[in-house]
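For reference, target.pdb is printed below; it contains PDB, C-alpha atoms and all ligand atoms.
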ATOM      1  CA  MET A  81     142.268 -73.648 134.334
ATOM      2  CA  PRO A  82     143.566 -72.377 137.619
ATOM      3  CA  TRP A  83     145.473 -69.328 138.652
ATOM      4  CA  ILE A  84     148.563 -70.563 140.506
ATOM      5  CA  ASP A  85     150.300 -68.563 143.223
ATOM      6  CA  ALA A  86     153.916 -68.080 142.135
ATOM      7  CA  CYS A  87     155.641 -65.511 144.336
ATOM      8  CA  ALA A  88     155.324 -62.154 146.039
ATOM      9  CA  SER A  89     155.458 -59.074 143.842
ATOM     10  CA  ASP A  90     158.318 -57.862 146.051
ATOM     11  CA  ASP A  91     160.369 -60.922 145.065
ATOM     12  CA  ILE A  92     161.164 -59.435 141.643
ATOM     13  CA  GLU A  93     162.874 -56.078 141.196
ATOM     14  CA  GLU A  94     161.665 -53.900 138.356
ATOM     15  CA  GLU A  95     163.390 -54.867 135.070
ATOM     16  CA  ASP A  96     164.373 -58.239 136.506
ATOM     17  CA  VAL A  97     163.323 -61.865 136.130
ATOM     18  CA  ILE A  98     163.071 -64.937 138.335
ATOM     19  CA  ARG A  99     162.767 -68.634 137.615
ATOM     20  CA  TRP A 100     159.590 -70.345 138.791
ATOM     21  CA  ASP A 101     159.061 -74.105 138.634
ATOM     22  CA  HIS A 102     155.588 -75.607 138.754
ATOM     23  CA  GLY A 103     154.141 -78.990 137.800
ATOM     24  CA  GLY A 104     157.359 -80.213 136.217
ATOM     25  CA  GLN A 105     157.586 -77.119 134.022
ATOM     26  CA  THR A 106     159.894 -74.115 134.274
ATOM     27  CA  PHE A 107     158.703 -70.552 133.811
ATOM     28  CA  ALA A 108     160.285 -67.101 133.863
ATOM     29  CA  ILE A 109     158.413 -64.270 135.590
ATOM     30  CA  TYR A 110     159.379 -60.701 134.730
ATOM     31  CA  HIS A 111     158.735 -57.375 136.418
ATOM     32  CA  GLY A 112     158.591 -54.907 133.564
ATOM     33  CA  ALA A 113     159.737 -51.312 133.468
ATOM     34  CA  ASP A 114     156.023 -50.427 133.240
ATOM     35  CA  GLY A 115     155.468 -51.978 136.687
ATOM     36  CA  ALA A 116     153.488 -54.894 135.246
ATOM     37  CA  PHE A 117     154.362 -58.577 135.579
ATOM     38  CA  TYR A 118     154.772 -61.051 132.704
ATOM     39  CA  CYS A 119     155.406 -64.784 132.401
ATOM     40  CA  THR A 120     156.930 -66.945 129.669
ATOM     41  CA  ASP A 121     158.260 -70.450 129.391
ATOM     42  CA  GLY A 122     161.480 -70.545 131.353
ATOM     43  CA  LEU A 123     163.652 -72.318 128.808
ATOM     44  CA  CYS A 124     165.089 -70.781 125.658
ATOM     45  CA  THR A 125     163.614 -72.254 122.464
ATOM     46  CA  HIS A 126     167.087 -72.577 120.912
ATOM     47  CA  GLU A 127     168.697 -74.870 123.476
ATOM     48  CA  GLN A 128     167.090 -75.594 126.789
ATOM     49  CA  VAL A 129     168.791 -72.840 128.811
ATOM     50  CA  HIS A 130     167.157 -71.049 131.745
ATOM     51  CA  LEU A 131     166.200 -67.558 130.630
ATOM     52  CA  ALA A 132     166.075 -66.358 134.229
ATOM     53  CA  ASP A 133     169.888 -66.447 134.092
ATOM     54  CA  GLY A 134     169.764 -63.961 131.222
ATOM     55  CA  LEU A 135     169.628 -60.202 131.012
ATOM     56  CA  VAL A 136     166.452 -58.082 131.043
ATOM     57  CA  MET A 137     166.601 -54.907 128.942
ATOM     58  CA  ASP A 138     163.404 -52.877 128.616
ATOM     59  CA  PHE A 139     160.840 -55.497 127.539
ATOM     60  CA  GLU A 140     163.378 -57.975 126.202
ATOM     61  CA  ILE A 141     165.136 -60.983 127.692
ATOM     62  CA  GLU A 142     168.565 -61.932 126.360
ATOM     63  CA  CYS A 143     169.452 -65.605 126.609
ATOM     64  CA  PRO A 144     172.674 -66.165 128.547
ATOM     65  CA  ARG A 145     174.026 -68.831 126.169
ATOM     66  CA  HIS A 146     174.017 -67.393 122.627
ATOM     67  CA  ASN A 147     172.479 -63.960 123.232
ATOM     68  CA  GLY A 148     169.225 -64.671 121.419
ATOM     69  CA  VAL A 149     166.541 -62.135 122.377
ATOM     70  CA  PHE A 150     162.794 -62.427 123.012
ATOM     71  CA  ASP A 151     160.120 -59.828 123.746
ATOM     72  CA  TYR A 152     158.845 -61.229 127.031
ATOM     73  CA  ARG A 153     155.447 -59.527 126.649
ATOM     74  CA  SER A 154     154.565 -61.376 123.448
ATOM     75  CA  GLY A 155     157.147 -64.179 123.542
ATOM     76  CA  LYS A 156     158.288 -63.134 120.065
ATOM     77  CA  ALA A 157     161.778 -64.217 119.022
ATOM     78  CA  LEU A 158     163.627 -61.016 118.056
ATOM     79  CA  ARG A 159     167.284 -61.904 117.437
ATOM     80  CA  ALA A 160     169.055 -64.957 116.084
ATOM     81  CA  PRO A 161     169.822 -67.662 116.848
ATOM     82  CA  VAL A 162     166.346 -67.894 118.355
ATOM     83  CA  CYS A 163     163.583 -68.270 115.759
ATOM     84  CA  VAL A 164     160.807 -70.034 117.704
ATOM     85  CA  ASP A 165     158.661 -67.803 119.913
ATOM     86  CA  LEU A 166     158.240 -68.419 123.649
ATOM     87  CA  ALA A 167     154.871 -69.371 125.105
ATOM     88  CA  THR A 168     153.448 -66.656 127.334
ATOM     89  CA  TYR A 169     151.042 -66.865 130.255
ATOM     90  CA  GLU A 170     148.605 -64.424 131.813
ATOM     91  CA  VAL A 171     149.726 -62.932 135.116
ATOM     92  CA  ARG A 172     147.817 -61.023 137.776
ATOM     93  CA  ASP A 173     148.831 -59.292 140.981
ATOM     94  CA  VAL A 174     146.425 -60.121 143.809
ATOM     95  CA  ASP A 175     147.210 -58.093 146.901
ATOM     96  CA  GLY A 176     150.949 -58.399 146.381
ATOM     97  CA  ARG A 177     150.921 -62.043 145.259
ATOM     98  CA  ILE A 178     151.772 -62.893 141.656
ATOM     99  CA  GLU A 179     149.502 -65.518 140.123
ATOM    100  CA  VAL A 180     149.970 -67.222 136.751
ATOM    101  CA  LEU A 181     147.199 -68.736 134.645
ATOM    102  CA  ILE A 182     148.378 -72.224 133.722
ATOM    103  CA  GLU A 183     146.411 -73.753 130.836
TER
HETATM  104  S1  LIG B   1     170.340 -71.323 124.023
HETATM  105 FE1  LIG B   1     169.307 -69.416 123.990
HETATM  106  S2  LIG B   1     170.129 -68.435 122.238
HETATM  107 FE2  LIG B   1     171.059 -70.390 122.216
END

Reformat the file's structure so that it appears as structure tokens.
Amino acid sequence: MPWIDACASDDIEEEDVIRWDHGGQTFAIYHGADGAFYCTDGLCTHEQVHLADGLVMDFEIECPRHNGVFDYRSGKALRAPVCVDLATYEVRDVDGRIEVLIE
């Protein structure tokens, strides 16, 4: 499966997130406090809300609607009302371009 070019690494501040749409699907790409980049499905598993509108704290994303929390590195649901984990995707930084492995 291909690596897809998503954005420039400069497009995302550290401890921030952007929305990225590709192939009819929505993703969220995060720039972690460790300097690494991460990608999850873009919609909350509780109700289909864009997580990129939420708040990044350390390695967690807080959904803007009901404040459910996920670990964006593993996709794990950490705080109710979310109970279904997010899908995660491999990310690599190639000369300042962020690429996501889409299965
Ligand atoms: S829609 Fe995300 S916690 Fe409810």

Which of A:Asp121, A:Glu127, A:Glu95, A:Asp85 sits closest to ligand LIG 1 (chain B) [using only C-alpha atoms and all ligand atoms]: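 Of the candidates, the smallest distance to ligand LIG 1 (chain B) is held by A:Glu127.
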
Find the nearest atom pair between each residue of chain A and ligand LIG 1 (chain B) for residues within 8 Å, count only C-alpha atoms and all ligand atoms, give distances in Å to one decimal, sort rows by chain and ascending number, and present the table as a tab-separated table.
residue	atom	partner	partner_atom	distance
A:Leu123	CA	B:LIG1	FE1	8.0
A:Cys124	CA	B:LIG1	FE1	4.7
A:Thr125	CA	B:LIG1	FE1	6.5
A:His126	CA	B:LIG1	S1	4.7
A:Glu127	CA	B:LIG1	S1	3.9
A:Gln128	CA	B:LIG1	S1	6.0
A:Val129	CA	B:LIG1	S1	5.3
A:Leu131	CA	B:LIG1	FE1	7.6
A:Glu142	CA	B:LIG1	S2	7.9
A:Cys143	CA	B:LIG1	FE1	4.6
A:Pro144	CA	B:LIG1	FE1	6.5
A:Arg145	CA	B:LIG1	S1	4.9
A:His146	CA	B:LIG1	S2	4.0
A:Asn147	CA	B:LIG1	S2	5.2
A:Gly148	CA	B:LIG1	S2	4.0
A:Val149	CA	B:LIG1	S2	7.3
A:Ala160	CA	B:LIG1	S2	7.1
A:Pro161	CA	B:LIG1	S2	5.5
A:Val162	CA	B:LIG1	S2	5.4

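The residues returned by the PyMOL selection byres (((chain A and resi 115) around 12) and not hetatm) on the shown structure are A:Ser89, A:Asp90, A:Ile92, A:Glu93, A:Glu94, A:Glu95, A:Asp96, A:Tyr110, A:His111, A:Gly112, A:Ala113, A:Asp114, A:Ala116, A:Phe117, A:Tyr118, A:Asp138, A:Phe139, A:Arg172, A:Asp173.
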
Considering all atoms listed in the file, can you say which of A:Gly122, A:Gly134, A:Gly176, A:Gly155 comes closest to A:Thr106? A:Gly122

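For the pair atom CA of A:Ile182 and atom CA of A:Val97, the separation is 18.3 Å.
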
Go ahead and compute the interatomic distance for atom CA of A:Cys163 and atom CA of A:Val180, in Å to one decimal. 25.0 Å

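Computed from the coordinates, the atom CA of A:Arg153 to atom CA of A:Asp133 distance equals 17.7 Å.
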
Between A:Ile109, A:Val136, A:Ile98, A:Ile141, which is the closest to A:Val171 once you count all atoms listed in the file?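 Distance minimum relative to A:Val171 lands on A:Ile109.
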
Anything within 6 Å of (149.7, -61.3, 145.5): list those residues as a ChimeraX atom specification, counting all atoms listed in the file and sticking to the file's coordinates. /A:88,173-178

Print the selection's residues with C-alpha atoms to a file, as a PDB file, in the coordinates of the input.
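Okay, again_1.pdb is ready:
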ATOM      1  CA  ALA A  88     155.324 -62.154 146.039  1.00  0.00           C
ATOM      2  CA  ASP A 173     148.831 -59.292 140.981  1.00  0.00           C
ATOM      3  CA  VAL A 174     146.425 -60.121 143.809  1.00  0.00           C
ATOM      4  CA  ASP A 175     147.210 -58.093 146.901  1.00  0.00           C
ATOM      5  CA  GLY A 176     150.949 -58.399 146.381  1.00  0.00           C
ATOM      6  CA  ARG A 177     150.921 -62.043 145.259  1.00  0.00           C
ATOM      7  CA  ILE A 178     151.772 -62.893 141.656  1.00  0.00           C
TER       8      ILE A 178
END

With distances taken over only C-alpha atoms, which of A:Asp91, A:Glu183, A:Pro82, A:Cys119 is nearest to A:Ser154? A:Cys119

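Residue nearest A:His102 within the list A:Val164, A:Met137, A:Leu158, A:Leu181: A:Leu181 [criterion: smallest interatomic distance, only C-alpha atoms].
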
Give the padded box for stretch 113-116 of chain A as lines of an AutoDock Vina configuration file: axis-aligned, covering all atoms listed in the file, 8 Å on each side, centre and edge lengths in Å to one decimal.
center_x = 156.6
center_y = -52.7
center_z = 135.0
size_x = 22.2
size_y = 20.5
size_z = 19.4

One residue among A:His130, A:Ile84, A:Ala108, A:Leu166 is nearest to A:Asp151 when using all atoms listed in the file, and that residue is A:Leu166
